[in-house]
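Okay, structure first, notes after.
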Amino acid sequence: MEEKDVKITGEGNEAVNGDASAVAEPENQAKEPVNETEKWQKEAAEWKDKYIRLVAEFDNFRKRSAKERLDLIQTAGKDVIVSLLDTLDDSERAQKQLETSTDLQAVKEGVNLVFNKMRAVLQAKGLKPMESIGKDFNPDMHEAITEVPAPTEKLKGKVLDEVQKGYYLNDKIIRFAKVVVGK
């Protein structure tokens with residue numbers, strides 16, 4: 001029989017022929033699953049932290065967007081109103097003149113100037129009146145108030161009169177024209 005070198009390690013494992021790999025493998029196999037588990041736990045903790053931060057960031061974004069939208073809604077008409085303040089001042093001056101003035105022609109001119117100024121301000125903001133009289137009745141643009149007999153055959157189905165003017169704001173209808181249609 002051959003003699004074998006036997007070494008005794010502190011953990012009770014024996015190595016044959018001085019080969020340390022027999023001892024190292026069982027220890028590595030026992031530690032690998034623990035290391036692997038710890039690795040996955042650390043990675044899971046990192047992902048959880050990233051997820052929580054992302055959810056918090058999204059919630060902050062949502063709240064900030066809602067606040068900005070509310071602020072925008074509350075101040076949406078500010079620009080138009082500021083533009084109309086001069087016209088309001090002119091209207092107040094005209095009202096004072098109406099109370100004291102006896103010159104009807106001057107009062108008419110003053111009121112017309114105020115109306116023209118208001119129209120100019122609104123048109124500068126994108127308001128455009130709808131031209132309806134004499135045009136074909138279009139239910140997408142007009143609201144028929146009543147039908148009256150057409151004076152001529154050509155005016156049947158056409159708008160004869162406007163009860164209330166319609167308006168576009170930047171080429172989008174904001175108020176339908178209320179019209180009288182010939183039948």
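We label chains A, B, ... in the order they appear in the structure tokens, count residues from 1 in each chain, and number ligands from 1 in the order shown.
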Do you know which residues are at most 8 Å from Val148 (chain A) counting only C-alpha atoms, after dropping those on the same chain fewer than 2 positions away, and could you put them as a PDB file with C-alpha atoms, in the first residue's frame?
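The result, stored in result.pdb:
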ATOM      1  CA  THR A 146     -87.190  81.408 -36.557  1.00  0.00           C
ATOM      2  CA  ALA A 150     -88.453  84.427 -48.119  1.00  0.00           C
ATOM      3  CA  VAL A 180     -83.673  84.320 -39.023  1.00  0.00           C
ATOM      4  CA  VAL A 181     -83.838  81.974 -42.010  1.00  0.00           C
ATOM      5  CA  GLY A 182     -85.926  82.328 -45.174  1.00  0.00           C
ATOM      6  CA  LYS A 183     -88.168  79.402 -46.089  1.00  0.00           C
TER       7      LYS A 183
END
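The residue set within 10 Å of Val111 (chain A), counting only C-alpha atoms and dropping same-chain residues fewer than 5 places from it, reads Asp90, Ser91, Arg93, Ala94, Gln95, Leu98, Ala106, Asn116 and Lys117 of chain A.
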Please produce an output containing N, CA and C atoms for each residue in the selection, written as a PDB file, in the first residue's frame.
ATOM      1  N   ASP A  90     -62.442 104.903 -20.830  1.00  0.00           N
ATOM      2  CA  ASP A  90     -63.117 105.750 -21.824  1.00  0.00           C
ATOM      3  C   ASP A  90     -64.630 105.678 -21.664  1.00  0.00           C
ATOM      4  N   SER A  91     -65.139 104.486 -21.361  1.00  0.00           N
ATOM      5  CA  SER A  91     -66.582 104.321 -21.168  1.00  0.00           C
ATOM      6  C   SER A  91     -67.066 105.114 -19.962  1.00  0.00           C
ATOM      7  N   ARG A  93     -65.671 107.834 -18.759  1.00  0.00           N
ATOM      8  CA  ARG A  93     -65.644 109.249 -19.135  1.00  0.00           C
ATOM      9  C   ARG A  93     -66.846 109.596 -20.015  1.00  0.00           C
ATOM     10  N   ALA A  94     -67.191 108.679 -20.927  1.00  0.00           N
ATOM     11  CA  ALA A  94     -68.350 108.913 -21.799  1.00  0.00           C
ATOM     12  C   ALA A  94     -69.632 108.957 -20.981  1.00  0.00           C
ATOM     13  N   GLN A  95     -69.734 108.100 -19.967  1.00  0.00           N
ATOM     14  CA  GLN A  95     -70.919 108.095 -19.120  1.00  0.00           C
ATOM     15  C   GLN A  95     -71.069 109.441 -18.395  1.00  0.00           C
ATOM     16  N   LEU A  98     -72.335 111.953 -20.850  1.00  0.00           N
ATOM     17  CA  LEU A  98     -73.752 111.754 -21.169  1.00  0.00           C
ATOM     18  C   LEU A  98     -74.650 112.458 -20.158  1.00  0.00           C
ATOM     19  N   ALA A 106     -71.822 115.245 -30.430  1.00  0.00           N
ATOM     20  CA  ALA A 106     -70.557 114.995 -29.733  1.00  0.00           C
ATOM     21  C   ALA A 106     -70.640 113.707 -28.908  1.00  0.00           C
ATOM     22  N   ASN A 116     -65.428 101.598 -31.159  1.00  0.00           N
ATOM     23  CA  ASN A 116     -64.379 101.256 -32.139  1.00  0.00           C
ATOM     24  C   ASN A 116     -63.091 100.838 -31.445  1.00  0.00           C
ATOM     25  N   LYS A 117     -62.765 101.500 -30.352  1.00  0.00           N
ATOM     26  CA  LYS A 117     -61.562 101.133 -29.598  1.00  0.00           C
ATOM     27  C   LYS A 117     -61.711  99.730 -29.019  1.00  0.00           C
TER      28      LYS A 117
END
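For the choices A:Thr87, A:Asn60, A:Asn170, A:Gln164, the atom-to-atom distance to Leu113 (chain A) is smallest for A:Thr87 when using only C-alpha atoms.
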Wanna dump the region 117-161 of chain A-region 74-80 of chain A contacts at 9 Å for me, each residue with its shortest atom pair and the distance in Å to one decimal, counting only C-alpha atoms, ordered by chain and number, as a Markdown table?
| residue | atom | partner | partner_atom | distance |
| --- | --- | --- | --- | --- |
| A:Val121 | CA | A:Val80 | CA | 8.2 |
| A:Leu122 | CA | A:Val80 | CA | 7.7 |
| A:Lys125 | CA | A:Val80 | CA | 7.1 |
Would you put the residues from that selection into a file with N, CA, C and O atoms, as a compact mmCIF listing (two decimals), in the first residue's frame?
# COMPACT_ATOMS: atom_id res chain seq x y z
N VAL A 121 -59.38 96.41 -29.90
CA VAL A 121 -58.66 95.63 -28.88
C VAL A 121 -59.02 94.15 -29.00
O VAL A 121 -58.15 93.28 -28.98
N LEU A 122 -60.32 93.87 -29.13
CA LEU A 122 -60.76 92.47 -29.23
C LEU A 122 -60.27 91.81 -30.51
O LEU A 122 -59.88 90.64 -30.50
N LYS A 125 -56.82 90.68 -30.22
CA LYS A 125 -56.70 89.45 -29.42
C LYS A 125 -57.23 88.23 -30.15
O LYS A 125 -57.27 87.14 -29.60
Which parts of chain A does DSSP call alpha helix (DSSP H) when run on the backbone here, written out as a ChimeraX atom specification? /A:21-74,78-100,104-124
From a backbone DSSP assignment, name each residue in region 7-180 of chain A labelled strand (DSSP E), as an MDAnalysis selection string. chainID A and resid 7:8 14:16 127:129 142:148 159:164 167:169 172:175 177:180
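The interatomic distance for the pair CA of Pro149 (chain A) and CA of Ile173 (chain A) works out to 28.1 Å.
Distance-wise, CA of Pro129 (chain A) and CA of Asp89 (chain A) end up 24.1 Å apart.
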